[in-house]
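**Student:** The file below is start.txt, compact mmCIF, C-alpha atoms:
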# COMPACT_ATOMS: atom_id res chain seq x y z
CA MET N 55 44.14 -32.44 -23.13
CA ASN N 56 45.22 -28.81 -22.96
CA GLY N 57 44.45 -28.38 -19.24
CA LYS N 58 41.99 -25.57 -19.85
CA PRO N 59 38.62 -25.79 -18.07
CA GLU N 60 35.53 -26.25 -20.20
CA PRO N 61 33.47 -23.08 -20.55
CA ALA N 62 30.46 -22.99 -18.22
CA GLN N 63 27.17 -23.77 -19.90
CA GLU N 64 24.85 -20.78 -20.22
CA THR N 65 21.84 -20.80 -17.93
CA ARG N 66 18.40 -19.34 -18.30
CA GLU N 67 15.65 -18.37 -15.88
CA PHE N 68 12.04 -19.46 -16.32
CA GLU N 69 9.36 -17.87 -14.14
CA PHE N 70 5.72 -18.90 -14.15
CA VAL N 71 2.73 -18.16 -11.94
CA LEU N 72 -0.09 -20.40 -10.73
CA GLN N 73 -3.21 -18.41 -9.83
CA PHE N 74 -6.01 -19.88 -7.75
CA GLU N 75 -9.68 -18.95 -7.82
CA SER N 76 -11.44 -18.53 -4.48
CA GLY N 77 -12.35 -21.95 -3.11
CA ALA N 78 -10.02 -23.83 -5.47
CA ASP N 79 -7.38 -24.51 -2.80
CA GLU N 80 -7.76 -24.34 0.97
CA LEU N 81 -4.19 -23.17 1.58
CA MET N 82 -4.30 -20.42 -1.04
CA ASP N 83 -7.59 -19.22 0.45
CA VAL N 84 -5.66 -18.55 3.68
CA PHE N 85 -3.17 -16.38 1.76
CA ARG N 86 -6.08 -14.63 0.06
CA GLN N 87 -7.70 -13.92 3.44
CA TYR N 88 -4.56 -12.56 5.15
CA GLU N 89 -2.64 -9.94 3.16
CA SER N 90 0.23 -10.02 5.67
CA LEU N 91 0.92 -13.71 4.96
CA SER N 92 3.71 -14.81 2.63
CA LEU N 93 5.71 -18.01 2.13
CA TRP N 94 9.00 -18.30 0.26
CA SER N 95 11.36 -21.19 -0.25
CA SER N 96 14.94 -21.11 0.93
CA ALA N 97 15.74 -24.54 -0.57
CA ILE N 98 13.89 -27.02 -2.78
CA PHE N 99 15.21 -30.44 -3.83
CA VAL N 100 13.66 -33.32 -5.75
CA ASN N 101 14.56 -36.78 -7.05
CA ASP N 102 12.58 -39.63 -8.61
CA SER N 103 10.94 -40.54 -5.32
CA TYR N 104 10.82 -37.50 -3.04
CA MET N 105 10.57 -33.73 -2.88
CA TRP N 106 11.98 -31.96 0.20
CA ARG N 107 12.20 -28.26 0.96
CA LEU N 108 12.59 -25.50 3.52
CA ASP N 109 10.02 -22.71 3.62
CA TYR N 110 9.88 -19.45 5.52
CA ALA N 111 6.40 -18.13 6.39
CA LYS N 112 5.79 -14.58 7.59
CA GLY N 113 2.68 -12.75 8.78
CA THR N 114 0.68 -11.64 11.78
CA SER N 115 0.17 -14.15 14.59
CA GLU N 116 -3.48 -14.54 13.54
CA ALA N 117 -2.48 -15.24 9.93
CA LEU N 118 0.15 -17.77 10.97
CA ASP N 119 -2.29 -19.60 13.24
CA ALA N 120 -4.62 -20.02 10.26
CA PHE N 121 -1.66 -21.01 8.08
CA ASP N 122 -0.46 -23.66 10.57
CA GLU N 123 -3.90 -25.26 10.73
CA VAL N 124 -3.94 -25.89 6.98
CA PHE N 125 -0.28 -26.20 5.96
CA LEU N 126 0.71 -28.65 8.72
CA ASP N 127 -2.33 -30.89 8.17
CA LYS N 128 -0.86 -34.21 6.97
CA THR N 129 -4.22 -35.32 5.58
CA ARG N 130 -4.14 -32.75 2.75
CA CYS N 131 -1.67 -31.93 -0.02
CA ASN N 132 0.04 -28.52 -0.21
CA GLU N 133 1.73 -29.23 -3.56
CA CYS N 134 -1.12 -30.72 -5.61
CA PHE N 135 -1.99 -28.60 -8.61
CA ASP N 136 -3.20 -31.38 -10.92
CA VAL N 137 -5.68 -32.95 -8.47
CA VAL N 138 -7.49 -31.63 -5.41
CA ASP N 139 -5.69 -34.07 -3.14
CA CYS N 140 -3.83 -37.36 -3.28
CA ASP N 141 -2.83 -40.18 -1.01
CA THR N 142 0.90 -39.58 -0.69
CA ASP N 143 3.19 -39.70 2.33
CA ARG N 144 4.18 -36.25 3.59
CA SER N 145 5.64 -34.93 6.81
CA TYR N 146 6.28 -31.47 8.17
CA ARG N 147 8.54 -30.19 10.91
CA VAL N 148 8.53 -26.65 12.28
CA LEU N 149 12.22 -25.85 12.74
CA ASP N 150 11.65 -22.37 14.13
CA ARG N 151 8.46 -20.83 15.52
CA GLN N 152 8.23 -17.11 16.25
CA GLU N 153 5.21 -14.88 16.81
CA THR N 154 5.37 -13.53 13.25
CA SER N 155 7.36 -16.23 11.38
CA ARG N 156 7.82 -19.96 10.83
CA THR N 157 10.61 -22.03 9.27
CA ILE N 158 9.25 -25.38 8.06
CA TYR N 159 10.85 -28.54 6.66
CA THR N 160 8.71 -30.65 4.28
CA LEU N 161 9.33 -34.18 2.99
CA ARG N 162 6.88 -35.47 0.38
CA ARG N 163 6.84 -38.73 -1.55
CA GLU N 164 6.17 -38.46 -5.29
CA ILE N 165 3.52 -40.80 -6.75
CA ASN N 166 1.91 -41.22 -10.14
CA SER N 167 -0.76 -38.66 -11.09
CA CYS N 168 0.15 -36.45 -8.14
CA HIS N 169 3.55 -34.92 -8.70
CA SER N 170 4.97 -31.71 -7.27
CA LEU N 171 6.00 -29.00 -9.70
CA PRO N 172 9.76 -29.65 -9.18
CA HIS N 173 9.22 -33.31 -10.11
CA ILE N 174 7.53 -32.35 -13.39
CA VAL N 175 10.53 -30.15 -14.18
CA LEU N 176 12.85 -33.04 -13.29
CA ASP N 177 11.11 -35.22 -15.90
CA HIS N 178 12.22 -32.73 -18.58
CA ILE N 179 15.50 -31.39 -17.17
CA GLN N 180 17.50 -34.11 -15.49
CA THR N 181 20.37 -32.08 -14.04
CA GLY N 182 21.49 -28.59 -13.14
CA THR N 183 18.17 -27.10 -12.02
CA ILE N 184 17.56 -24.74 -9.09
CA PHE N 185 14.09 -23.84 -7.78
CA GLU N 186 12.64 -20.90 -5.90
CA SER N 187 9.00 -20.27 -5.01
CA ARG N 188 6.78 -17.73 -3.27
CA ARG N 189 3.13 -17.75 -2.22
CA VAL N 190 1.20 -14.56 -1.54
CA GLY N 191 -2.43 -13.58 -2.17
CA ASP N 192 -3.83 -15.80 -4.92
CA GLU N 193 -0.44 -16.43 -6.56
CA TYR N 194 2.06 -19.28 -6.31
CA ARG N 195 5.10 -17.96 -8.20
CA TRP N 196 7.99 -20.19 -9.31
CA ARG N 197 11.46 -19.31 -10.60
CA ILE N 198 13.62 -22.00 -12.19
CA LEU N 199 17.28 -21.70 -13.13
CA PHE N 200 18.19 -24.29 -15.75
CA PRO N 201 20.70 -25.20 -18.52
CA SER N 202 19.83 -23.18 -21.61
CA ASP N 203 19.43 -26.12 -24.00
CA SER N 204 16.58 -27.68 -21.98
CA PRO N 205 13.01 -27.84 -23.44
CA ILE N 206 11.11 -25.33 -21.29
CA GLY N 207 8.18 -25.27 -23.72
CA ASP N 208 7.52 -28.95 -22.99
CA ILE N 209 7.37 -28.22 -19.25
CA TYR N 210 4.79 -25.48 -19.72
CA ASP N 211 2.70 -27.68 -22.03
CA THR N 212 2.72 -30.48 -19.44
CA MET N 213 1.63 -28.17 -16.63
CA GLU N 214 -1.09 -26.56 -18.73
CA ALA N 215 -2.46 -29.97 -19.77
CA GLN N 216 -2.59 -31.28 -16.19
CA ILE N 217 -3.81 -28.20 -14.33
CA ARG N 218 -7.04 -28.76 -12.39
CA ASP N 219 -10.17 -26.63 -12.35
CA GLY N 220 -9.85 -23.32 -10.55
CA VAL N 221 -6.11 -23.05 -11.18
CA SER N 222 -4.45 -21.29 -14.12
CA VAL N 223 -0.80 -21.11 -15.19
CA SER N 224 0.97 -18.33 -17.07
CA VAL N 225 4.57 -17.60 -18.02
CA SER N 226 5.98 -14.48 -16.39
CA HIS N 227 9.29 -14.42 -18.25
CA ILE N 228 12.13 -16.46 -19.75
CA THR N 229 15.49 -14.70 -19.54
CA THR N 230 19.19 -15.37 -19.11
CA GLY N 231 20.16 -16.46 -15.61
CA SER N 232 22.78 -13.77 -15.09
CA ASP N 233 20.80 -11.83 -12.47
CA TRP N 234 20.02 -14.82 -10.21
CA LYS N 235 21.04 -13.89 -6.67
CA ALA N 236 19.84 -16.83 -4.61
CA THR N 237 22.52 -16.26 -1.95
CA GLU N 238 21.86 -12.55 -1.52
CA ARG N 239 18.54 -12.58 0.29
CA LEU N 240 17.85 -9.80 2.74
CA ALA N 241 17.08 -11.79 5.86
CA THR N 242 15.99 -8.82 7.96
CA ASP N 243 13.35 -9.80 10.49
CA PHE N 244 10.74 -7.11 9.86
CA SER N 245 7.53 -6.94 11.82
CA PRO N 246 4.21 -7.31 9.92
CA GLU N 247 3.69 -3.57 10.46
CA HIS N 248 6.99 -2.81 8.70
CA TRP N 249 6.05 -5.09 5.81
CA GLU N 250 2.63 -3.43 5.54
CA VAL N 251 4.19 0.02 5.21
CA LEU N 252 6.82 -1.17 2.70
CA LYS N 253 4.26 -2.97 0.53
CA ALA N 254 1.98 0.09 0.55
CA ALA N 255 4.91 2.34 -0.35
CA VAL N 256 5.84 0.17 -3.34
CA LYS N 257 2.25 -0.39 -4.44
CA HIS N 258 1.31 3.31 -4.41
CA GLY N 259 4.50 4.63 -6.02
CA TYR N 260 6.37 6.09 -3.07
CA TYR N 261 9.66 4.88 -4.58
CA GLU N 262 8.88 6.07 -8.11
CA ARG N 263 10.68 9.10 -9.50
CA PRO N 264 8.95 11.47 -9.17
CA ARG N 265 7.12 10.10 -6.15
CA GLU N 266 3.44 9.42 -6.70
CA VAL N 267 2.51 9.61 -3.00
CA SER N 268 3.93 11.27 0.09
CA VAL N 269 4.35 9.92 3.61
CA SER N 270 1.16 11.78 4.53
CA ASP N 271 -0.66 10.02 1.68
CA LEU N 272 0.59 6.64 2.91
CA ALA N 273 -0.55 7.50 6.42
CA SER N 274 -4.05 8.21 5.10
CA ILE N 275 -4.09 5.00 3.07
CA LEU N 276 -2.95 2.92 6.05
CA ASP N 277 -5.03 4.90 8.56
CA GLU N 278 -1.96 5.40 10.75
CA PRO N 279 -0.34 8.53 12.22
CA ARG N 280 2.13 10.16 9.85
CA SER N 281 4.93 9.92 12.42
CA THR N 282 4.36 6.16 12.77
CA VAL N 283 4.49 5.55 9.00
CA GLN N 284 7.60 7.71 8.63
CA TYR N 285 9.35 5.88 11.49
CA ARG N 286 8.55 2.44 10.03
CA LEU N 287 9.74 3.48 6.57
CA ARG N 288 13.01 4.88 7.89
CA THR N 289 13.82 1.91 10.12
CA ALA N 290 12.94 -0.58 7.36
CA GLU N 291 15.05 1.28 4.80
CA ASP N 292 17.97 1.51 7.23
CA ARG N 293 17.88 -2.25 7.83
CA ILE N 294 17.61 -3.07 4.12
CA VAL N 295 20.57 -0.87 3.19
CA SER N 296 22.69 -2.13 6.10
CA GLU N 297 21.96 -5.77 5.25
CA PHE N 298 22.62 -5.20 1.55
CA VAL N 299 25.98 -3.57 2.24
CA LYS N 300 26.95 -6.32 4.67
CA GLN N 301 26.16 -9.09 2.16
CA THR N 302 27.47 -7.56 -1.06
CA LEU N 303 30.36 -5.16 -0.32
Show me this structure written as C-alpha cells.
**Tutor:**
Amino acid sequence: MNGKPEPAQETREFEFVLQFESGADELMDVFRQYESLSLWSSAIFVNDSYMWRLDYAKGTSEALDAFDEVFLDKTRCNECFDVVDCDTDRSYRVLDRQETSRTIYTLRREINSCHSLPHIVLDHIQTGTIFESRRVGDEYRWRILFPSDSPIGDIYDTMEAQIRDGVSVSVSHITTGSDWKATERLATDFSPEHWEVLKAAVKHGYYERPREVSVSDLASILDEPRSTVQYRLRTAEDRIVSEFVKQTL
C-alpha cells in the first residue's frame, strides 16, 4: 500500500421527465389546475423494502388545500406510474404547514408490480445514487446522480416498458455530474405573487439579453400595476442574490 487515496469514481447525471395526460393521474391534475403549485424533493431514500422522502410543496392557499386533499389521502398512491393504484402501505406526516407551503414526510412500502421510481433505479444501480424530483404542471421531472459505469439505458427501457396509459417518459439529458449542487438550494420563502412574477419574467424573456419584454409588458401580461410588478421583481432578485452570496461566498 502506498497510502494514497483511490481516485474518486466519475459520476454522471441522468434527467428524465414523466408527462401525464389530463385525467391520467388525480394528483397531477391538481398541478395542472393550479399553476402556482409546485413540489420538489429535499431528500429521497430507498432500499429493498421501503422508499422514504421529504417534499416541499408551494402554492396559493387554495392550491395547497386541493393538494392536501389528494396527496395526503392514504387510500391512493402518489408514486405509481406503472399502475393506476396499488395496495401498499404508505404514511404521510406534515412536518410544517404554512399558508403558502408544506413540508411533508412520506414512508412507502415497496411491493411487486408497484414500485416507486427510485426502487426501479436501485434494481439497476445498487450503490452511490442520489435522487431529486420536481412536480409542476403536467410534468414529474427526475434527476439522478449515479456512478458513471452504471447501465442507465436499462433503467430507461424498464420504465418505458412498464409505463401505464396516459403517462409518457422521455430523457431530458445525460451529462457529467460536475454541476450538481444539491446543497446550494435557494431556500427563500417567496410568496405565490413573487413566484408568479419571476416565472412570467423568465417565460417571456425578461432576463434574456437583449430583453424581450419590459416591466410594463410584464404588468400587462399579469394584469397588475407596473409599480407592483417592479417591486416584486426587485425584492425577489434582492433575496435571491443575498441568499446566493450567503451560501456560496
**Student:** With the cut-off set at 12 Å and counting only C-alpha atoms, tabulate each residue of stretch 110-204 of chain N with an atom at most that distance from an atom of stretch 70-87 of chain N, showing the nearest atom pair and its distance in Å to one decimal, ordered by chain and increasing number, as a Markdown table.
**Tutor:**
| residue | atom | partner | partner_atom | distance |
| --- | --- | --- | --- | --- |
| N:Ala111 | CA | N:Phe85 | CA | 10.8 |
| N:Lys112 | CA | N:Phe85 | CA | 10.8 |
| N:Gly113 | CA | N:Phe85 | CA | 9.8 |
| N:Thr114 | CA | N:Phe85 | CA | 11.7 |
| N:Glu116 | CA | N:Val84 | CA | 10.9 |
| N:Ala117 | CA | N:Val84 | CA | 7.8 |
| N:Leu118 | CA | N:Val84 | CA | 9.4 |
| N:Asp119 | CA | N:Val84 | CA | 10.2 |
| N:Ala120 | CA | N:Val84 | CA | 6.8 |
| N:Phe121 | CA | N:Val84 | CA | 6.4 |
| N:Asp122 | CA | N:Leu81 | CA | 9.7 |
| N:Glu123 | CA | N:Leu81 | CA | 9.4 |
| N:Val124 | CA | N:Leu81 | CA | 6.1 |
| N:Phe125 | CA | N:Leu81 | CA | 6.6 |
| N:Leu126 | CA | N:Leu81 | CA | 10.2 |
| N:Asp127 | CA | N:Leu81 | CA | 10.3 |
| N:Arg130 | CA | N:Glu80 | CA | 9.3 |
| N:Cys131 | CA | N:Leu81 | CA | 9.3 |
| N:Asn132 | CA | N:Leu81 | CA | 7.1 |
| N:Glu133 | CA | N:Leu81 | CA | 9.9 |
| N:Cys134 | CA | N:Asp79 | CA | 9.3 |
| N:Phe135 | CA | N:Leu72 | CA | 8.7 |
| N:Asp136 | CA | N:Leu72 | CA | 11.4 |
| N:Val137 | CA | N:Asp79 | CA | 10.3 |
| N:Val138 | CA | N:Asp79 | CA | 7.6 |
| N:Asp139 | CA | N:Asp79 | CA | 9.7 |
| N:Leu171 | CA | N:Leu72 | CA | 10.6 |
| N:Phe185 | CA | N:Phe70 | CA | 11.6 |
| N:Glu186 | CA | N:Phe70 | CA | 11.0 |
| N:Ser187 | CA | N:Val71 | CA | 9.6 |
| N:Arg188 | CA | N:Val71 | CA | 9.6 |
| N:Arg189 | CA | N:Phe85 | CA | 7.6 |
| N:Val190 | CA | N:Phe85 | CA | 5.8 |
| N:Gly191 | CA | N:Arg86 | CA | 4.4 |
| N:Asp192 | CA | N:Phe74 | CA | 5.4 |
| N:Glu193 | CA | N:Gln73 | CA | 4.7 |
| N:Tyr194 | CA | N:Leu72 | CA | 5.0 |
| N:Arg195 | CA | N:Val71 | CA | 4.4 |
| N:Trp196 | CA | N:Phe70 | CA | 5.5 |
| N:Arg197 | CA | N:Phe70 | CA | 6.8 |
| N:Ile198 | CA | N:Phe70 | CA | 8.7 |
| N:Leu199 | CA | N:Phe70 | CA | 11.9 |
**Student:** Record the distance separating atom CA of N:His258 and atom CA of N:Leu287, expressed in Å with one decimal.
**Tutor:** 13.8 Å
**Student:** So which residues touch N:Lys253 within 10 Å, counting all atoms listed in the file, skipping near sequence neighbours fewer than 6 positions away, as a list in words?
**Tutor:**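 After dropping sequence-adjacent residues, the list is Ser90, Glu247 and Tyr260 of chain N.
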**Student:** Enter the distance from atom CA of N:Ala290 to atom CA of N:Ser115, in Å, rounded to one decimal.
**Tutor:** 20.0 Å
**Student:** Restricting the calculation to all atoms listed in the file: of N:Ser270, N:Ser296, N:Gln152, N:Ser145, which residue gets closest to N:Arg107?
**Tutor:**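 Ranked by minimum distance to N:Arg107, first place goes to N:Ser145.
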**Student:** Which of these, N:Asp219, N:Asp102, N:Asp211, N:Glu153, has the shortest distance to N:His169 once you count only C-alpha atoms?
**Tutor:**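 The closest residue to N:His169 is N:Asp102.
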**Student:** As an exercise, work out the distance from atom CA of N:Tyr104 to atom CA of N:Ile217 in Å and give it to one decimal place.
**Tutor:**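 Spanning atom CA of N:Tyr104 to atom CA of N:Ile217 is a straight-line distance of 20.7 Å.
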**Student:** Would you mind listing what lies within 10 Å of N:Leu108 as a ChimeraX atom specification, with only C-alpha atoms counted and same-chain residues fewer than 6 positions away left out?
**Tutor:** /N:94-99,146-149,157-161
**Student:** Compare N:Ser155, N:Gln284, N:Ser245, N:Thr183 by their minimum atom-to-atom distance to N:Phe68, counting only C-alpha atoms, and give me the closest one.
**Tutor:**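 Between N:Ser155, N:Gln284, N:Ser245, N:Thr183, the residue approaching N:Phe68 most closely is N:Thr183.
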**Student:** Can you tell me, as a list in words, what residues are no more than 9 Å from N:Leu272 when counting all atoms listed in the file, ignoring any on the same chain fewer than 3 positions away?
**Tutor:**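 These residues fall inside the cut-off: Val251, Ala254, Ala255, His258, Tyr260, Val267, Ser268, Val269, Ile275, Leu276, Asp277, Glu278, Arg280 and Val283 of chain N.
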**Student:** Smallest atom-to-atom distance to N:Trp106: which of N:Glu89, N:Asp271, N:Glu69, N:Asp143, using only C-alpha atoms?
**Tutor:**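 Of N:Glu89, N:Asp271, N:Glu69, N:Asp143, the one nearest N:Trp106, counting only C-alpha atoms, is N:Asp143.
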**Student:** Find the residues around N:Thr181 up to 12 Å (only C-alpha atoms counted), leave out those fewer than 2 positions away in its own chain, and share them as JSON, numbers by chain.
**Tutor:** {"N": [99, 100, 101, 172, 173, 175, 176, 177, 178, 179, 183, 184, 199, 200, 201, 202, 203, 204]}
**Student:** Write the residues of the selection above to a file with C-alpha atoms, as a JSON list (two decimals), keeping the file's coordinate frame.
**Tutor:**
[["chain", "number", "residue", "atom", "x", "y", "z"],
["N", 99, "PHE", "CA", 15.21, -30.44, -3.83],
["N", 100, "VAL", "CA", 13.66, -33.32, -5.75],
["N", 101, "ASN", "CA", 14.56, -36.78, -7.05],
["N", 172, "PRO", "CA", 9.76, -29.65, -9.18],
["N", 173, "HIS", "CA", 9.22, -33.31, -10.11],
["N", 175, "VAL", "CA", 10.53, -30.15, -14.18],
["N", 176, "LEU", "CA", 12.85, -33.04, -13.29],
["N", 177, "ASP", "CA", 11.11, -35.22, -15.90],
["N", 178, "HIS", "CA", 12.22, -32.73, -18.58],
["N", 179, "ILE", "CA", 15.50, -31.39, -17.17],
["N", 183, "THR", "CA", 18.17, -27.10, -12.02],
["N", 184, "ILE", "CA", 17.56, -24.74, -9.09],
["N", 199, "LEU", "CA", 17.28, -21.70, -13.13],
["N", 200, "PHE", "CA", 18.19, -24.29, -15.75],
["N", 201, "PRO", "CA", 20.70, -25.20, -18.52],
["N", 202, "SER", "CA", 19.83, -23.18, -21.61],
["N", 203, "ASP", "CA", 19.43, -26.12, -24.00],
["N", 204, "SER", "CA", 16.58, -27.68, -21.98]]
**Student:** N, CA, C and O atoms are needed for stretch 99-122 of chain N; please write them out as a compact mmCIF listing (two decimals), in the coordinates of the input.
**Tutor:**
# COMPACT_ATOMS: atom_id res chain seq x y z
N PHE N 99 14.49 -29.35 -3.19
CA PHE N 99 15.21 -30.44 -3.83
C PHE N 99 14.22 -31.52 -4.23
O PHE N 99 13.17 -31.69 -3.59
N VAL N 100 14.56 -32.28 -5.28
CA VAL N 100 13.66 -33.32 -5.75
C VAL N 100 14.48 -34.43 -6.42
O VAL N 100 15.52 -34.17 -7.04
N ASN N 101 14.01 -35.67 -6.27
CA ASN N 101 14.56 -36.78 -7.05
C ASN N 101 13.39 -37.61 -7.55
O ASN N 101 12.23 -37.17 -7.51
N ASP N 102 13.66 -38.82 -8.03
CA ASP N 102 12.58 -39.63 -8.61
C ASP N 102 11.52 -40.03 -7.60
O ASP N 102 10.39 -40.34 -7.98
N SER N 103 11.86 -40.02 -6.33
CA SER N 103 10.94 -40.54 -5.32
C SER N 103 10.42 -39.50 -4.34
O SER N 103 9.31 -39.65 -3.81
N TYR N 104 11.20 -38.44 -4.09
CA TYR N 104 10.82 -37.50 -3.04
C TYR N 104 11.08 -36.05 -3.45
O TYR N 104 11.92 -35.76 -4.30
N MET N 105 10.32 -35.16 -2.83
CA MET N 105 10.57 -33.73 -2.88
C MET N 105 10.74 -33.27 -1.44
O MET N 105 9.94 -33.61 -0.57
N TRP N 106 11.81 -32.50 -1.14
CA TRP N 106 11.98 -31.96 0.20
C TRP N 106 12.40 -30.50 0.09
O TRP N 106 13.05 -30.10 -0.87
N ARG N 107 12.00 -29.69 1.08
CA ARG N 107 12.20 -28.26 0.96
C ARG N 107 12.17 -27.59 2.32
O ARG N 107 11.68 -28.16 3.31
N LEU N 108 12.70 -26.36 2.37
CA LEU N 108 12.59 -25.50 3.52
C LEU N 108 11.81 -24.26 3.10
O LEU N 108 12.10 -23.65 2.07
N ASP N 109 10.83 -23.88 3.90
CA ASP N 109 10.02 -22.71 3.62
C ASP N 109 10.00 -21.77 4.82
O ASP N 109 10.06 -22.21 5.98
N TYR N 110 9.91 -20.48 4.50
CA TYR N 110 9.88 -19.45 5.52
C TYR N 110 8.56 -18.69 5.38
O TYR N 110 8.32 -18.04 4.37
N ALA N 111 7.69 -18.81 6.39
CA ALA N 111 6.40 -18.13 6.39
C ALA N 111 6.47 -16.89 7.28
O ALA N 111 7.13 -16.89 8.33
N LYS N 112 5.78 -15.83 6.84
CA LYS N 112 5.79 -14.58 7.59
C LYS N 112 4.40 -13.98 7.58
O LYS N 112 3.70 -14.04 6.57
N GLY N 113 3.99 -13.38 8.70
CA GLY N 113 2.68 -12.75 8.78
C GLY N 113 2.34 -12.42 10.22
O GLY N 113 3.14 -12.62 11.14
N THR N 114 1.14 -11.92 10.43
CA THR N 114 0.68 -11.64 11.78
C THR N 114 0.47 -12.97 12.51
O THR N 114 0.37 -14.03 11.89
N SER N 115 0.38 -12.92 13.82
CA SER N 115 0.17 -14.15 14.59
C SER N 115 -1.15 -14.80 14.22
O SER N 115 -1.25 -16.04 14.13
N GLU N 116 -2.19 -14.00 13.94
CA GLU N 116 -3.48 -14.54 13.54
C GLU N 116 -3.38 -15.25 12.19
O GLU N 116 -3.91 -16.35 12.00
N ALA N 117 -2.65 -14.63 11.24
CA ALA N 117 -2.48 -15.24 9.93
C ALA N 117 -1.70 -16.54 10.03
O ALA N 117 -2.04 -17.53 9.36
N LEU N 118 -0.67 -16.56 10.85
CA LEU N 118 0.15 -17.77 10.97
C LEU N 118 -0.59 -18.90 11.68
O LEU N 118 -0.37 -20.07 11.38
N ASP N 119 -1.46 -18.56 12.61
CA ASP N 119 -2.29 -19.60 13.24
C ASP N 119 -3.18 -20.27 12.19
O ASP N 119 -3.31 -21.51 12.18
N ALA N 120 -3.78 -19.46 11.32
CA ALA N 120 -4.62 -20.02 10.26
C ALA N 120 -3.77 -20.81 9.26
O ALA N 120 -4.18 -21.88 8.78
N PHE N 121 -2.59 -20.32 8.97
CA PHE N 121 -1.66 -21.01 8.08
C PHE N 121 -1.26 -22.37 8.66
O PHE N 121 -1.28 -23.39 7.95
N ASP N 122 -0.87 -22.41 9.93
CA ASP N 122 -0.46 -23.66 10.57
C ASP N 122 -1.55 -24.72 10.46
O ASP N 122 -1.27 -25.90 10.20
